[in-house]
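Working notes, beginning with the structure itself.
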Amino acid sequence: GVHVPRVTVAQFGVDQINEAFDTYSVTPWDPVWAVLSIVIGIVVGRFARRAVRRYGHRASIPPNVIDLIGTIAMWTIVSFSVVVALTFIGFTAAPLIIFTAIVAIILVVGGRSLIENFGAGVMLQARAPFEPGDEITSDEYTGEVLEVNSRVVVIQTLDNRRVYMPNTYVLQSPIVNLTHDAYRIGEVVVDVAYGSDLEVALSSILAAVKAAPEILDDPTAVVEIRGFAESGVTIRVRYAHESDILSEWAATNAAAMAVYTGLRGAGVTIPFPQRTLWWGTGSPGRDEPGKSMDAA
């Protein structure tokens with residue numbers, strides 16, 4: 001019969017390693033060239049990163065995007081120099097290329113969410129809707145941005161919780177940068193009783209609100225009549241405060257206290273919710289028979 005040589009799994013693995021790693025052609029100088037290749041790659045990579053930074057500043061590219069591009073360029077060059085160094089010490093280029101392709105396929109197929117978050121992180125850094133230190137609101141979370149990395153946006157909420165929000169989630173949700181500008185506008189609404197002197201009410205509220213230290217002088221506070229409610233005349237107070245959330249809370253409290261104090265000092269009544277009910281043949285405002293009852 002025909003004799004078929006038996007090849008063990010171990011022998012097959014050794015043969016494959018020998019094919020990928022050829023030490024017979026390696027000279028004593030090849031390890032030196034390998035080390036020199038890596039050193040040159042590191043030097044060229046750092047030079048490339050500096051060049052990217054220099055060009056990026058001239059082109060007015062955001063600093064975080066410059067750093068990202070520069071880092072990618074540097075490590076790409078360093079990785080190429082490592083591949084060249086491996087060929088000097090006996091590794092053939094073909095298995096390295098195949099291995100790189102396999103890793104890339106695995107990342108594309110199995111690391112889709114990782115790649116999507118990385119891409120979203122690049123978009124967030126390129127658009128820069130916020131930076132570390134800003135206070136933002138995204139969907140149900142509000143807090144200070146601590147970090148924006150390749151995977152998540154890290155924020156610290158006001159109740160001292162640390163939230164790690166995936167970049168794709170943040171990019172797809174509405175983003176409110178609360179501290180983008182130096183100030184924001186708040187408002188307080190109050191009703192005064194019908195029959196009150198509205199000029200006195202408005203001037204008293206405005207003077208009290210302007211005296212509160214939590215309220216900014218510029219832009220100035222505005223007090224205005226907004227309509228007629230069931231129980232009284234509606235007045236709205238609009239005022240400026242510093243843009244961070246704690247300042248917003250302090251200003252809201254100060255404005256409400258100022259409104260109450262100003263109206264009370266002027267003798268203007270803030271009415272309870274109430275309605276006037278009429279029945280019979282009479283009607284409000286006419287001297288005709290009828291009955292009425294005030295319902296608080």
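Ordering of the structure tokens sets the chain letters (A, B, ...); residue numbers start at 1 within each chain; ligands are numbered from 1 in the order shown.
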
request  = Enumerate, as number ranges by chain, the complete set of residues in range 55-254 of chain A that a backbone-based DSSP assignment places in strand (DSSP E).
outcome  = A: 135-138, 141-148, 152-157, 162-166, 175-177, 183-193, 222-228, 232-242

inquiry  = DSSP on the backbone, alpha helix (DSSP H) only: what residues of range 178-253 of chain A does that give? Format it as a PyMOL selection string.
reply    = chain A and resi 198-211+245-253

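Here CA of Thr168 in chain A stands at a distance of 10.6 Å from CA of Ser150 in chain A.
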
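Minimum atom-to-atom distance to Phe272 in chain A, evaluated using only C-alpha atoms, belongs to A:Asp191 out of A:Asp191, A:Asp217, A:Ala240, A:Val209.
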
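CA of Arg127 in chain A is found 23.8 Å from CA of Arg162 in chain A.
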
inquiry  = With only C-alpha atoms as the counted atoms, please give the residues lying no more than 6 Å from range 77-89 of chain A, apart from itself and same-chain residues fewer than 4 positions off, as a PyMOL selection string.
reply    = chain A and resi 26+30-31+34+37-38+41-42+45

Export of the given selection (all heavy atoms) as a PDB file, in the first residue's frame:
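What landed in out_35.pdb:
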```pdb
ATOM      1  N   VAL A  26      19.477  35.376   9.312  1.00  0.00           N
ATOM      2  CA  VAL A  26      19.740  36.509  10.212  1.00  0.00           C
ATOM      3  C   VAL A  26      21.237  36.609  10.469  1.00  0.00           C
ATOM      4  O   VAL A  26      21.891  35.629  10.838  1.00  0.00           O
ATOM      5  CB  VAL A  26      18.986  36.334  11.546  1.00  0.00           C
ATOM      6  CG1 VAL A  26      19.333  37.481  12.499  1.00  0.00           C
ATOM      7  CG2 VAL A  26      17.496  36.271  11.295  1.00  0.00           C
ATOM      8  N   ASP A  30      21.777  42.176  12.078  1.00  0.00           N
ATOM      9  CA  ASP A  30      20.330  42.382  11.912  1.00  0.00           C
ATOM     10  C   ASP A  30      19.628  42.818  13.199  1.00  0.00           C
ATOM     11  O   ASP A  30      18.760  43.701  13.145  1.00  0.00           O
ATOM     12  CB  ASP A  30      19.687  41.109  11.358  1.00  0.00           C
ATOM     13  CG  ASP A  30      20.010  40.907   9.883  1.00  0.00           C
ATOM     14  OD1 ASP A  30      20.292  41.919   9.212  1.00  0.00           O
ATOM     15  OD2 ASP A  30      19.968  39.754   9.416  1.00  0.00           O
ATOM     16  N   PRO A  31      19.931  42.262  14.379  1.00  0.00           N
ATOM     17  CA  PRO A  31      19.310  42.798  15.597  1.00  0.00           C
ATOM     18  C   PRO A  31      19.632  44.274  15.840  1.00  0.00           C
ATOM     19  O   PRO A  31      18.804  45.023  16.354  1.00  0.00           O
ATOM     20  CB  PRO A  31      19.893  41.906  16.708  1.00  0.00           C
ATOM     21  CG  PRO A  31      20.251  40.639  16.019  1.00  0.00           C
ATOM     22  CD  PRO A  31      20.719  41.053  14.657  1.00  0.00           C
ATOM     23  N   ALA A  34      17.450  46.154  13.657  1.00  0.00           N
ATOM     24  CA  ALA A  34      16.081  46.112  14.188  1.00  0.00           C
ATOM     25  C   ALA A  34      15.884  47.167  15.272  1.00  0.00           C
ATOM     26  O   ALA A  34      14.897  47.914  15.270  1.00  0.00           O
ATOM     27  CB  ALA A  34      15.782  44.718  14.738  1.00  0.00           C
ATOM     28  N   SER A  37      15.911  50.526  13.757  1.00  0.00           N
ATOM     29  CA  SER A  37      14.644  50.805  13.074  1.00  0.00           C
ATOM     30  C   SER A  37      13.591  51.320  14.047  1.00  0.00           C
ATOM     31  O   SER A  37      12.873  52.287  13.757  1.00  0.00           O
ATOM     32  CB  SER A  37      14.145  49.542  12.370  1.00  0.00           C
ATOM     33  OG  SER A  37      12.860  49.749  11.833  1.00  0.00           O
ATOM     34  N   ILE A  38      13.514  50.687  15.228  1.00  0.00           N
ATOM     35  CA  ILE A  38      12.528  51.132  16.220  1.00  0.00           C
ATOM     36  C   ILE A  38      12.873  52.525  16.733  1.00  0.00           C
ATOM     37  O   ILE A  38      11.992  53.378  16.894  1.00  0.00           O
ATOM     38  CB  ILE A  38      12.464  50.115  17.376  1.00  0.00           C
ATOM     39  CG1 ILE A  38      11.936  48.768  16.864  1.00  0.00           C
ATOM     40  CG2 ILE A  38      11.572  50.641  18.498  1.00  0.00           C
ATOM     41  CD1 ILE A  38      11.931  47.690  17.921  1.00  0.00           C
ATOM     42  N   GLY A  41      11.915  54.966  14.176  1.00  0.00           N
ATOM     43  CA  GLY A  41      10.456  55.101  14.154  1.00  0.00           C
ATOM     44  C   GLY A  41       9.952  56.000  15.263  1.00  0.00           C
ATOM     45  O   GLY A  41       9.053  56.826  15.048  1.00  0.00           O
ATOM     46  N   ILE A  42      10.528  55.852  16.466  1.00  0.00           N
ATOM     47  CA  ILE A  42      10.105  56.693  17.591  1.00  0.00           C
ATOM     48  C   ILE A  42      10.452  58.160  17.329  1.00  0.00           C
ATOM     49  O   ILE A  42       9.639  59.066  17.564  1.00  0.00           O
ATOM     50  CB  ILE A  42      10.752  56.198  18.890  1.00  0.00           C
ATOM     51  CG1 ILE A  42      10.211  54.798  19.247  1.00  0.00           C
ATOM     52  CG2 ILE A  42      10.487  57.172  20.033  1.00  0.00           C
ATOM     53  CD1 ILE A  42      10.894  54.168  20.443  1.00  0.00           C
ATOM     54  N   GLY A  45       8.225  59.447  14.601  1.00  0.00           N
ATOM     55  CA  GLY A  45       6.863  59.583  15.105  1.00  0.00           C
ATOM     56  C   GLY A  45       6.682  60.831  15.948  1.00  0.00           C
ATOM     57  O   GLY A  45       5.689  61.549  15.808  1.00  0.00           O
TER      58      GLY A  45
END
```

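Atom pair CA of Val153 in chain A / CA of Thr71 in chain A: separated by 19.8 Å.
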
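Residues in contact with Asp218 in chain A at up to 12 Å, not including ones fewer than 3 positions away on its chain and judged by only C-alpha atoms, are Ala182, Tyr183, Arg184, Ile185, Lys210, Ile215, Ala221, Val222, Tyr239, Ala240, His241 and Glu242 of chain A.
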
ask   = If we count only C-alpha atoms, what is near Asp139 in chain A at a cut-off of 12 Å, once residues fewer than 2 positions away on the same chain are taken out, given as number ranges by chain?
value = A: 136-137, 141-143, 165, 169-176

Writing out the chosen residues with N, CA and C atoms as an mmCIF file, in the first residue's frame:
```cif
data_model
loop_
_atom_site.group_PDB
_atom_site.id
_atom_site.type_symbol
_atom_site.label_atom_id
_atom_site.label_comp_id
_atom_site.auth_asym_id
_atom_site.auth_seq_id
_atom_site.Cartn_x
_atom_site.Cartn_y
_atom_site.Cartn_z
ATOM 1 N N ILE A 136 -23.180 70.665 31.985
ATOM 2 C CA ILE A 136 -24.053 70.366 30.856
ATOM 3 C C ILE A 136 -25.275 69.597 31.331
ATOM 4 N N THR A 137 -26.280 69.575 30.469
ATOM 5 C CA THR A 137 -27.441 68.701 30.632
ATOM 6 C C THR A 137 -27.576 67.890 29.362
ATOM 7 N N TYR A 141 -29.390 63.689 32.670
ATOM 8 C CA TYR A 141 -28.224 63.897 33.531
ATOM 9 C C TYR A 141 -27.735 65.338 33.424
ATOM 10 N N THR A 142 -27.418 65.910 34.585
ATOM 11 C CA THR A 142 -26.890 67.269 34.670
ATOM 12 C C THR A 142 -25.706 67.266 35.624
ATOM 13 N N GLY A 143 -24.607 67.858 35.186
ATOM 14 C CA GLY A 143 -23.445 67.906 36.054
ATOM 15 C C GLY A 143 -22.245 68.510 35.365
ATOM 16 N N MET A 165 -21.183 58.279 30.489
ATOM 17 C CA MET A 165 -22.142 58.278 29.387
ATOM 18 C C MET A 165 -21.425 57.899 28.094
ATOM 19 N N TYR A 169 -24.235 57.841 22.860
ATOM 20 C CA TYR A 169 -25.447 58.283 23.556
ATOM 21 C C TYR A 169 -25.465 59.807 23.668
ATOM 22 N N VAL A 170 -24.324 60.389 24.023
ATOM 23 C CA VAL A 170 -24.248 61.845 24.167
ATOM 24 C C VAL A 170 -24.420 62.525 22.814
ATOM 25 N N LEU A 171 -23.786 61.966 21.773
ATOM 26 C CA LEU A 171 -23.840 62.594 20.453
ATOM 27 C C LEU A 171 -25.247 62.576 19.876
ATOM 28 N N GLN A 172 -26.041 61.554 20.225
ATOM 29 C CA GLN A 172 -27.391 61.431 19.687
ATOM 30 C C GLN A 172 -28.437 62.149 20.528
ATOM 31 N N SER A 173 -28.066 62.650 21.703
ATOM 32 C CA SER A 173 -29.011 63.316 22.603
ATOM 33 C C SER A 173 -28.811 64.829 22.548
ATOM 34 N N PRO A 174 -29.862 65.588 22.866
ATOM 35 C CA PRO A 174 -29.680 67.038 22.967
ATOM 36 C C PRO A 174 -28.673 67.389 24.056
ATOM 37 N N ILE A 175 -27.815 68.353 23.782
ATOM 38 C CA ILE A 175 -26.791 68.769 24.735
ATOM 39 C C ILE A 175 -27.015 70.244 25.067
ATOM 40 N N VAL A 176 -27.159 70.537 26.340
ATOM 41 C CA VAL A 176 -27.293 71.922 26.796
ATOM 42 C C VAL A 176 -26.045 72.272 27.592
#
```

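For the choices A:Glu131, A:Asp197, A:Asp67, A:Glu140, the atom-to-atom distance to Thr269 in chain A is smallest for A:Asp197 when using only C-alpha atoms.
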